[in-house]
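Structure file model.txt with compact mmCIF, C-alpha atoms:
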# COMPACT_ATOMS: atom_id res chain seq x y z
CA MET A 339 -4.53 -14.62 15.17
CA SER A 340 -5.81 -17.37 17.41
CA ARG A 341 -2.63 -19.31 16.78
CA ILE A 342 -0.55 -16.43 18.11
CA ILE A 343 -2.64 -16.40 21.31
CA LYS A 344 -1.97 -20.12 21.65
CA GLU A 345 1.73 -19.58 21.06
CA TYR A 346 1.82 -16.81 23.62
CA LYS A 347 0.43 -19.16 26.27
CA THR A 348 2.83 -21.96 25.30
CA ILE A 349 5.80 -19.62 25.32
CA GLN A 350 4.98 -18.30 28.77
CA LYS A 351 4.73 -21.85 30.04
CA GLN A 352 7.95 -22.94 28.33
CA LEU A 353 9.95 -20.00 29.60
CA ASN A 354 8.75 -20.68 33.13
CA ASN A 355 9.62 -24.37 32.87
CA ASN A 356 13.03 -23.61 31.41
CA ARG A 357 14.04 -21.71 34.50
CA ASN A 358 13.58 -24.88 36.56
CA ASN A 359 15.01 -27.27 34.02
CA GLN A 360 18.73 -27.38 33.36
CA ASP A 361 18.82 -30.16 30.75
CA ASP A 362 17.66 -28.45 27.58
CA GLU A 363 20.41 -27.29 25.25
CA PHE A 364 18.43 -24.14 24.59
CA ASN A 365 17.74 -23.63 28.23
CA ASN A 366 18.21 -20.05 29.31
CA ILE A 367 19.25 -18.75 25.89
CA ILE A 368 15.98 -16.88 25.70
CA VAL A 369 15.83 -14.20 28.33
CA SER A 370 12.41 -13.01 27.27
CA LEU A 371 9.96 -13.38 24.42
CA ALA A 372 6.67 -11.55 24.74
CA PRO A 373 4.40 -9.05 23.05
CA ILE A 374 5.42 -5.48 23.76
CA ASP A 375 1.87 -4.63 24.77
CA PRO A 376 0.12 -7.94 25.54
CA ASP A 377 -3.24 -6.34 26.30
CA GLN A 378 -3.52 -4.30 23.14
CA ASP A 379 -1.46 -5.73 20.34
CA LEU A 380 -0.17 -9.24 19.71
CA THR A 381 1.48 -8.34 16.39
CA LYS A 382 4.50 -6.56 17.87
CA TRP A 383 6.85 -8.66 19.95
CA GLU A 384 10.19 -8.20 21.59
CA ALA A 385 12.73 -10.88 22.39
CA VAL A 386 16.00 -10.90 24.28
CA ILE A 387 18.50 -13.69 23.66
CA LYS A 388 21.89 -14.46 25.16
CA GLY A 389 25.02 -14.70 23.07
CA PRO A 390 26.07 -18.36 22.64
CA GLN A 391 28.99 -19.69 24.62
CA GLY A 392 32.21 -20.04 22.64
CA THR A 393 31.47 -17.03 20.43
CA PRO A 394 32.45 -13.38 20.77
CA TYR A 395 28.77 -12.74 21.54
CA TYR A 396 28.97 -14.61 24.85
CA GLY A 397 28.18 -12.41 27.82
CA PHE A 398 26.01 -10.01 25.81
CA ASN A 399 22.26 -9.89 25.45
CA PHE A 400 20.61 -8.97 22.16
CA ILE A 401 17.23 -7.46 21.51
CA LEU A 402 15.09 -8.54 18.57
CA TYR A 403 11.90 -6.94 17.30
CA ILE A 404 9.27 -9.24 15.83
CA THR A 405 6.32 -8.24 13.67
CA ILE A 406 3.56 -10.79 13.08
CA PRO A 407 1.83 -10.34 9.71
CA GLN A 408 -1.91 -10.75 9.42
CA GLU A 409 -1.57 -13.97 7.41
CA TYR A 410 0.69 -15.67 9.98
CA PRO A 411 1.41 -18.62 10.03
CA THR A 412 1.01 -18.93 6.28
CA VAL A 413 3.60 -16.20 5.85
CA PRO A 414 6.70 -15.90 8.06
CA PRO A 415 7.00 -13.47 10.98
CA PHE A 416 9.37 -10.56 10.49
CA PHE A 417 12.41 -10.70 12.79
CA GLU A 418 15.07 -8.05 13.09
CA PHE A 419 17.78 -7.21 15.57
CA GLN A 420 17.77 -3.86 17.24
CA PRO A 421 19.52 -1.60 14.70
CA ARG A 422 23.24 -1.09 15.27
CA SER A 423 23.50 -3.79 17.91
CA MET A 424 24.49 -6.99 16.10
CA PRO A 425 27.80 -7.29 14.28
CA HIS A 426 27.32 -10.57 12.40
CA CYS A 427 28.01 -11.46 8.79
CA ASN A 428 24.36 -12.40 8.12
CA VAL A 429 22.92 -9.31 9.79
CA ASN A 430 22.78 -5.81 8.38
CA TYR A 431 24.41 -3.82 11.18
CA ASN A 432 22.61 -0.56 10.50
CA THR A 433 19.09 -1.91 10.09
CA GLY A 434 19.20 -5.19 12.01
CA GLU A 435 17.90 -7.13 9.01
CA ILE A 436 18.60 -10.87 9.25
CA CYS A 437 19.49 -13.11 6.32
CA LEU A 438 18.13 -16.55 7.18
CA ASP A 439 16.37 -18.81 4.70
CA ILE A 440 13.46 -19.80 6.92
CA LEU A 441 12.51 -16.15 7.36
CA LYS A 442 11.94 -15.91 3.61
CA GLN A 443 8.55 -16.86 2.22
CA ASP A 444 10.09 -19.49 -0.07
CA HIS A 445 11.52 -21.56 2.75
CA TRP A 446 9.11 -20.81 5.54
CA THR A 447 6.59 -23.43 6.57
CA PRO A 448 3.76 -22.96 9.09
CA VAL A 449 5.35 -25.62 11.27
CA TRP A 450 7.88 -23.09 12.50
CA ASN A 451 6.77 -20.94 15.39
CA LEU A 452 8.20 -17.93 17.18
CA MET A 453 10.16 -20.04 19.65
CA SER A 454 11.73 -22.31 17.04
CA THR A 455 12.51 -19.39 14.76
CA LEU A 456 14.22 -17.60 17.60
CA LYS A 457 16.30 -20.70 18.30
CA ALA A 458 17.26 -20.81 14.62
CA ILE A 459 18.46 -17.22 14.85
CA TRP A 460 20.42 -18.06 17.98
CA LEU A 461 22.06 -20.94 16.10
CA LEU A 462 22.93 -18.51 13.31
CA LEU A 463 24.97 -16.57 15.87
CA LYS A 464 26.90 -19.76 16.56
CA ASP A 465 27.34 -20.71 12.91
CA PRO A 466 27.67 -17.65 10.68
CA VAL A 467 27.29 -18.26 6.94
CA PRO A 468 29.82 -16.05 5.09
CA GLU A 469 28.46 -17.23 1.70
CA SER A 470 25.36 -15.01 1.93
CA PRO A 471 26.54 -11.95 3.82
CA LEU A 472 24.75 -8.78 4.81
CA ASN A 473 27.90 -7.58 6.52
CA VAL A 474 30.61 -7.95 3.89
CA ASP A 475 33.53 -6.91 6.08
CA LEU A 476 32.92 -9.60 8.67
CA ALA A 477 32.15 -12.19 6.01
CA ASN A 478 35.44 -11.52 4.22
CA LEU A 479 37.47 -11.86 7.41
CA LEU A 480 35.70 -15.12 8.16
CA ARG A 481 36.10 -16.43 4.62
CA PHE A 482 39.84 -15.85 4.71
CA GLY A 483 40.07 -17.47 8.12
CA ASP A 484 41.37 -14.41 9.96
CA LEU A 485 39.63 -15.33 13.17
CA SER A 486 41.52 -12.95 15.43
CA ALA A 487 40.55 -9.98 13.25
CA TYR A 488 37.01 -11.33 12.97
CA ASN A 489 36.60 -11.74 16.72
CA GLY A 490 38.35 -8.45 17.33
CA LEU A 491 36.03 -6.52 15.04
CA ILE A 492 32.95 -8.09 16.61
CA ASN A 493 34.26 -7.25 20.07
CA TYR A 494 34.90 -3.70 19.00
CA TYR A 495 31.34 -3.24 17.79
CA LEU A 496 29.83 -4.99 20.80
CA ASN A 497 31.76 -2.80 23.18
CA ILE A 498 30.77 0.45 21.48
CA ASN A 499 27.24 -0.28 22.54
CA VAL A 500 28.18 -0.99 26.11
CA VAL A 501 29.71 2.46 26.47
CA MET B 1387 -40.64 -52.63 42.89
CA LYS B 1388 -41.55 -50.08 40.26
CA ILE B 1389 -38.96 -47.85 38.65
CA GLU B 1390 -39.91 -44.74 36.82
CA VAL B 1391 -37.34 -43.29 34.48
CA GLN B 1392 -37.56 -39.55 34.69
CA ASN B 1393 -34.67 -38.37 32.60
CA ILE B 1394 -32.11 -39.87 30.29
CA TYR B 1395 -28.94 -38.03 29.55
CA PRO B 1396 -27.23 -39.49 26.51
CA LEU B 1397 -23.50 -38.95 26.47
CA VAL B 1398 -21.68 -39.20 23.20
CA ALA B 1399 -17.98 -38.97 22.44
CA TRP B 1400 -16.43 -38.84 19.01
CA SER B 1401 -13.09 -38.71 17.34
CA TRP B 1402 -11.86 -38.79 13.77
CA ASP B 1403 -11.65 -42.17 12.14
CA MET B 1404 -7.91 -42.62 11.80
CA PRO B 1405 -5.87 -45.74 11.29
CA LYS B 1406 -4.41 -46.69 14.66
CA ASN B 1407 -1.02 -47.57 13.39
CA LEU B 1408 -0.30 -44.71 11.09
CA ASP B 1409 2.45 -46.56 9.28
CA ASP B 1410 0.24 -49.46 8.37
CA PRO B 1411 -3.32 -48.69 7.33
CA ASP B 1412 -4.18 -52.40 7.23
CA SER B 1413 -3.75 -52.78 10.96
CA ASP B 1414 -6.84 -50.67 11.50
CA GLU B 1415 -8.75 -53.18 13.60
CA PRO B 1416 -11.17 -51.91 16.20
CA ASP B 1417 -10.39 -53.09 19.70
CA ASN B 1418 -13.84 -54.32 20.53
CA ALA B 1419 -15.77 -54.46 17.31
CA ASN B 1420 -19.25 -55.23 18.55
CA ASP B 1421 -20.58 -54.93 22.03
CA SER B 1422 -23.62 -56.74 23.31
CA TYR B 1423 -25.94 -54.15 21.77
CA GLY B 1424 -24.53 -54.73 18.34
CA ILE B 1425 -23.13 -51.22 18.17
CA ARG B 1426 -19.80 -50.99 16.42
CA ARG B 1427 -17.64 -49.47 19.07
CA ARG B 1428 -14.17 -48.22 18.80
CA ALA B 1429 -11.91 -47.07 21.57
CA PRO B 1430 -11.30 -43.32 21.40
CA ASN B 1431 -8.33 -42.72 19.19
CA LYS B 1432 -5.54 -41.36 21.30
CA ASN B 1433 -3.90 -39.74 18.28
CA ALA B 1434 -6.99 -37.77 17.48
CA VAL B 1435 -7.35 -36.55 21.04
CA ASP B 1436 -3.77 -35.57 21.80
CA ASP B 1437 -2.31 -34.56 18.48
CA VAL B 1438 -2.53 -31.07 17.10
CA CYS B 1439 -2.69 -29.73 13.59
CA GLY B 1440 0.83 -28.67 12.66
CA ILE B 1441 -0.40 -25.43 11.17
CA CYS B 1442 -2.77 -23.99 13.75
CA ARG B 1443 -1.65 -26.05 16.76
CA ALA B 1444 -5.22 -26.85 17.71
CA SER B 1445 -6.30 -30.42 18.43
CA TYR B 1446 -7.36 -32.65 15.53
CA ASN B 1447 -10.74 -32.86 17.20
CA GLY B 1448 -10.89 -29.10 17.62
CA THR B 1449 -11.35 -26.51 14.93
CA CYS B 1450 -9.12 -24.41 12.75
CA PRO B 1451 -8.82 -20.74 13.84
CA ASN B 1452 -11.69 -19.63 11.61
CA CYS B 1453 -14.30 -22.20 12.62
CA LYS B 1454 -16.59 -22.35 15.61
CA PHE B 1455 -17.83 -25.92 15.54
CA PRO B 1456 -15.64 -29.02 15.36
CA GLY B 1457 -16.59 -32.06 13.36
CA THR B 1458 -17.83 -32.06 9.81
CA ASP B 1459 -17.84 -28.25 9.72
CA CYS B 1460 -14.09 -28.24 10.14
CA PRO B 1461 -12.89 -31.59 8.87
CA LEU B 1462 -9.52 -33.28 9.22
CA VAL B 1463 -7.53 -34.66 6.31
CA LEU B 1464 -4.87 -37.34 6.57
CA GLY B 1465 -1.70 -36.94 4.54
CA ARG B 1466 0.03 -39.83 2.90
CA CYS B 1467 3.18 -38.78 4.75
CA ASN B 1468 1.23 -39.33 8.00
CA HIS B 1469 0.98 -35.63 8.69
CA ASN B 1470 -2.58 -34.59 9.29
CA PHE B 1471 -4.14 -31.15 9.24
CA HIS B 1472 -7.46 -29.42 9.45
CA PHE B 1473 -8.77 -29.24 5.93
CA HIS B 1474 -9.00 -25.45 6.10
CA CYS B 1475 -5.44 -25.06 7.37
CA ILE B 1476 -3.71 -27.24 4.79
CA TYR B 1477 -5.92 -25.91 2.02
CA GLN B 1478 -4.95 -22.35 2.81
CA TRP B 1479 -1.28 -23.32 2.92
CA LEU B 1480 -1.34 -25.21 -0.38
CA LYS B 1481 -3.14 -22.27 -1.96
CA THR B 1482 -0.07 -20.10 -1.50
CA LEU B 1483 2.28 -20.42 -4.44
CA THR B 1484 5.33 -20.65 -2.22
CA SER B 1485 4.08 -23.84 -0.63
CA LYS B 1486 4.89 -25.60 -3.92
CA GLY B 1487 2.34 -28.24 -2.98
CA LEU B 1488 4.57 -29.56 -0.20
CA CYS B 1489 3.65 -30.83 3.23
CA PRO B 1490 4.66 -28.16 5.76
CA MET B 1491 6.07 -30.78 8.12
CA CYS B 1492 8.27 -32.90 5.88
CA ARG B 1493 8.39 -31.03 2.56
CA GLN B 1494 7.27 -34.05 0.60
CA LYS B 1495 4.52 -33.47 -1.91
CA PHE B 1496 1.30 -33.41 0.01
CA ARG B 1497 -0.98 -36.24 -1.00
CA LEU B 1498 -4.10 -37.46 0.66
CA LYS B 1499 -3.75 -40.77 2.37
CA PRO B 1500 -5.38 -43.57 0.38
CA ASN B 1501 -8.19 -45.64 1.86
CA ALA B 1502 -8.88 -43.16 4.61
CA THR B 1503 -12.58 -42.58 5.08
CA VAL B 1504 -12.20 -39.04 6.35
CA ASN B 1505 -10.41 -38.02 3.16
CA THR B 1506 -13.03 -39.12 0.66
CA ASP B 1507 -15.13 -35.95 0.78
CA HIS B 1508 -12.16 -33.75 -0.03
CA LEU B 1509 -10.60 -35.37 -3.07
CA GLY B 1510 -12.49 -33.05 -5.41
CA ALA B 1511 -11.41 -29.92 -3.56
CA PHE B 1512 -7.77 -30.93 -3.61
CA LYS B 1513 -7.93 -31.85 -7.27
CA GLU B 1514 -9.39 -28.46 -8.14
CA LEU B 1515 -6.79 -26.73 -6.01
CA ALA B 1516 -4.00 -28.63 -7.76
CA ILE B 1517 -5.25 -27.57 -11.16
CA THR B 1518 -5.73 -23.89 -10.32
CA THR B 1519 -2.43 -23.66 -8.44
CA ARG B 1520 -0.61 -25.23 -11.32
CA ALA B 1521 -2.17 -22.78 -13.75
CA ARG B 1522 -1.28 -19.87 -11.47
CA LEU B 1523 2.30 -21.05 -11.11
CA ILE B 1524 2.63 -21.23 -14.87
CA SER B 1525 1.09 -17.83 -15.48
CA GLU B 1526 3.38 -16.28 -12.87
CA GLY B 1527 6.36 -17.94 -14.49
CA LEU B 1528 7.11 -19.79 -11.26
CA PHE B 1529 6.43 -23.25 -12.55
CA ASP B 1530 9.36 -25.38 -11.46
CA GLU B 1531 10.08 -27.64 -14.36
CA ASP B 1532 13.08 -29.19 -12.66
CA GLU B 1533 10.77 -30.75 -10.16
CA GLU B 1534 10.46 -34.02 -12.03
CA GLY B 1535 13.64 -34.17 -14.05
CA ASP B 1536 14.20 -32.79 -17.50
CA ASP B 1537 11.23 -34.39 -19.24
CA ASP B 1538 9.21 -31.22 -19.31
CA SER B 1539 11.97 -28.72 -19.86
CA GLU B 1540 11.44 -28.64 -23.61
CA TYR B 1541 7.87 -27.48 -23.28
CA ALA B 1542 6.90 -23.87 -23.44
CA TYR B 1543 3.76 -23.73 -21.38
CA ASP B 1544 1.10 -21.65 -23.05
CA ASN B 1545 -2.58 -21.52 -22.34
CA GLU B 1546 -3.51 -24.29 -24.69
CA GLU B 1547 -1.04 -26.62 -23.13
CA VAL B 1548 -2.25 -25.76 -19.69
CA GLN B 1549 -5.76 -26.58 -20.76
CA ARG B 1550 -4.65 -29.83 -22.29
CA ASP B 1551 -2.79 -30.74 -19.16
CA ASN B 1552 -5.83 -29.98 -17.12
CA ARG B 1553 -7.98 -32.15 -19.34
CA ASP B 1554 -5.47 -34.96 -19.01
CA TYR B 1555 -5.55 -34.43 -15.33
CA GLU B 1556 -9.34 -34.66 -15.28
CA HIS B 1557 -9.18 -37.79 -17.36
CA ILE B 1558 -6.89 -39.60 -15.00
CA TRP B 1559 -8.85 -38.39 -12.09
CA ASN B 1560 -12.12 -39.67 -13.41
CA ASN B 1561 -10.71 -42.92 -14.61
CA PRO B 1562 -11.52 -45.41 -11.90
CA SER B 1563 -8.67 -47.71 -12.85
CA THR B 1564 -6.18 -45.06 -11.78
CA GLU B 1565 -5.32 -45.01 -8.14
CA TYR B 1566 -6.62 -41.71 -6.91
CA GLU B 1567 -3.95 -41.21 -4.31
CA GLU B 1568 -1.38 -40.77 -7.03
CA LEU B 1569 -3.07 -37.59 -8.14
CA THR B 1570 -3.51 -35.11 -5.38
CA VAL B 1571 -2.14 -31.66 -4.93
CA GLY B 1572 1.51 -32.57 -5.00
CA ASP B 1573 1.09 -34.02 -8.45
CA MET B 1574 0.31 -30.78 -10.14
CA PHE B 1575 3.95 -30.75 -11.22
CA ASN B 1576 4.11 -34.05 -12.99
CA THR B 1577 0.78 -34.80 -14.54
CA ARG B 1578 2.12 -35.21 -18.03
CA ARG B 1579 4.99 -37.30 -16.88
CA TYR B 1580 2.58 -39.58 -15.16
CA ILE B 1581 0.63 -40.10 -18.38
CA ASP B 1582 3.81 -40.59 -20.38
CA ASP B 1583 4.98 -43.25 -18.00
CA GLU B 1584 1.71 -45.07 -18.32
CA GLU B 1585 1.87 -45.01 -22.09
CA GLU B 1586 5.46 -46.14 -22.17
CA GLU B 1587 4.62 -49.07 -20.01
CA ASP B 1588 1.79 -49.98 -22.33
CA ASP B 1589 4.03 -49.77 -25.37
CA GLU B 1590 6.54 -52.08 -23.83
CA GLY B 1591 3.79 -54.54 -23.07
CA TYR B 1592 2.71 -54.91 -26.66
Take the structure in the file and give it back as structure tokens.
Amino acid sequence: MSRIIKEYKTIQKQLNNNRNNQDDEFNNIIVSLAPIDPDQDLTKWEAVIKGPQGTPYYGFNFILYITIPQEYPTVPPFFEFQPRSMPHCNVNYNTGEICLDILKQDHWTPVWNLMSTLKAIWLLLKDPVPESPLNVDLANLLRFGDLSAYNGLINYYLNINVV
Amino acid sequence: MKIEVQNIYPLVAWSWDMPKNLDDPDSDEPDNANDSYGIRRRAPNKNAVDDVCGICRASYNGTCPNCKFPGTDCPLVLGRCNHNFHFHCIYQWLKTLTSKGLCPMCRQKFRLKPNATVNTDHLGAFKELAITTRARLISEGLFDEDEEGDDDSEYAYDNEEVQRDNRDYEHIWNNPSTEYEELTVGDMFNTRRYIDDEEEEDDEGY
């Protein structure tokens, strides 16, 4: 647990610095990353990230819920998108479950932290992997190269939530 | 003039004994070996002060999350891959089966750095860990035989074989002619291969 306290301090500092620093590629992609109730419970976190430029997600913000297991950092943190908010071929739309190797115990190493994991998820939005889909419809469209249908379907889902 | 010393406040600083140039252990020359009092003095090691353990993110000279007092209570170990961790942190990581004995930073097999003074107390612990982890991997059916090529794929690992492997392992470990750094945690996967190689080399020699 003491590592998560340390991370919390570092994250606060980094997010503050990022606002003044325009050079970092990841600058400003993280709108917020903090425990839901910092005084009581450091095992439940909430993050908000921006959709990457050049993707249908651009212009939208996405909420993630993070659960820190007791054994962290020996075991990975549990990340999921807000249910029914993320149309992406590696995300289960209904539950928000994310398919990303580093989030699985087999590929996780304690060197990852919340910030770097969040960046990895952001990069997944940029580079979807249709070979291991949790959203088969989107993955099929992408696999067959039907980008206009793919982008259209994502836009459709994203805009349901806006209304 | 008479001076009366009323109080003396000794001030002591310490840091882990680490090779300065991590890529080249031989370059470990102290800056100012002996001062006028004959005390072997070494400039504080910047690495040990600034760098943090990759697992808990606390300073090398600090403690792991579960310890209160830095120093010998919460020692540091140096990896052969030049990644260093608090003993407790890396031990806990390597104890998990999913770590596969790999360094968390570079995913090479984690081996203790040879000729590093701070490592010497921990060789036994890492050896024991390697043996038990290997046995656990085998009993869980997770033993990755592809790890070192196909040499071992013919073997069905049963308890007897595990025990024999462990004995072999002990043998190499206790044999002073074997370089100890070849046989730390990461080697739990290729103990037999290591022995086979040795024997083959011998055969060719005769």
Exercise for review: Could you please select, counting all atoms listed in the file, the residues of chain B within 10 Å of chain A and state them as a ChimeraX atom specification?
Suggested key: /B:1439-1444,1450-1452,1475-1476,1478-1486,1488-1493
Review point. Hey, what's within 10 Å of A:Gly434 if we count all atoms listed in the file and toss same-chain stuff fewer than 2 positions away? As a PyMOL selection string, please?
Key: chain A and resi 401-403+417-426+428-432+436-437+472
Dump C-alpha atoms for the selected residues as a compact mmCIF listing (two decimals), keeping the file's coordinate frame?
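The file below, selection-v5.txt, is the result:
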# COMPACT_ATOMS: atom_id res chain seq x y z
CA ILE A 401 17.23 -7.46 21.51
CA LEU A 402 15.09 -8.54 18.57
CA TYR A 403 11.90 -6.94 17.30
CA PHE A 417 12.41 -10.70 12.79
CA GLU A 418 15.07 -8.05 13.09
CA PHE A 419 17.78 -7.21 15.57
CA GLN A 420 17.77 -3.86 17.24
CA PRO A 421 19.52 -1.60 14.70
CA ARG A 422 23.24 -1.09 15.27
CA SER A 423 23.50 -3.79 17.91
CA MET A 424 24.49 -6.99 16.10
CA PRO A 425 27.80 -7.29 14.28
CA HIS A 426 27.32 -10.57 12.40
CA ASN A 428 24.36 -12.40 8.12
CA VAL A 429 22.92 -9.31 9.79
CA ASN A 430 22.78 -5.81 8.38
CA TYR A 431 24.41 -3.82 11.18
CA ASN A 432 22.61 -0.56 10.50
CA ILE A 436 18.60 -10.87 9.25
CA CYS A 437 19.49 -13.11 6.32
CA LEU A 472 24.75 -8.78 4.81
Review point. Which neighbours of stretch 379-388 of chain A fall inside 9 Å, counting only C-alpha atoms, when residues of the same chain fewer than 5 positions from it are skipped, and could you give them as a list in words?
Key: Met339, Ile342, Ile343, Tyr346, Asn366, Ile367, Ile368, Val369, Ser370, Leu371, Ala372, Pro373, Ile374, Tyr395, Tyr396, Gly397, Phe398, Asn399, Phe400, Ile401, Leu402, Tyr403, Ile404, Thr405, Ile406, Pro407, Gln408, Leu456 and Trp460 of chain A
Practice item. Find the residue from A:Asn478, A:Asp439, A:Tyr494, A:Leu452 that sits nearest to A:Ile349; use only C-alpha atoms when measuring. Key: A:Leu452
Check your understanding: If you measure from atom CA of B:Gly1465 to atom CA of B:Ile1517, what distance in Å do you get, rounded to one decimal?
Key -> 18.6 Å
Practice item. Go ahead and compute the interatomic distance for atom CA of A:Ala477 and atom CA of A:Asn489, in Å to one decimal. Key: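 These two atoms are separated by 11.6 Å.
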Point to revise | Nearest candidate to B:Pro1456 (options B:Ser1525, B:Ser1401, B:Gln1392, B:Thr1519; using only C-alpha atoms) | key: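 The shortest atom-to-atom distance to B:Pro1456 comes from B:Ser1401.
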Size and centre in Å, one decimal, axis-aligned box, all listed stretch 447-453 of chain A atoms plus 6 Å per side, as AutoDock Vina command-line options:
--center_x 7.0 --center_y -21.8 --center_z 13.1 --size_x 18.4 --size_y 19.7 --size_z 25.1
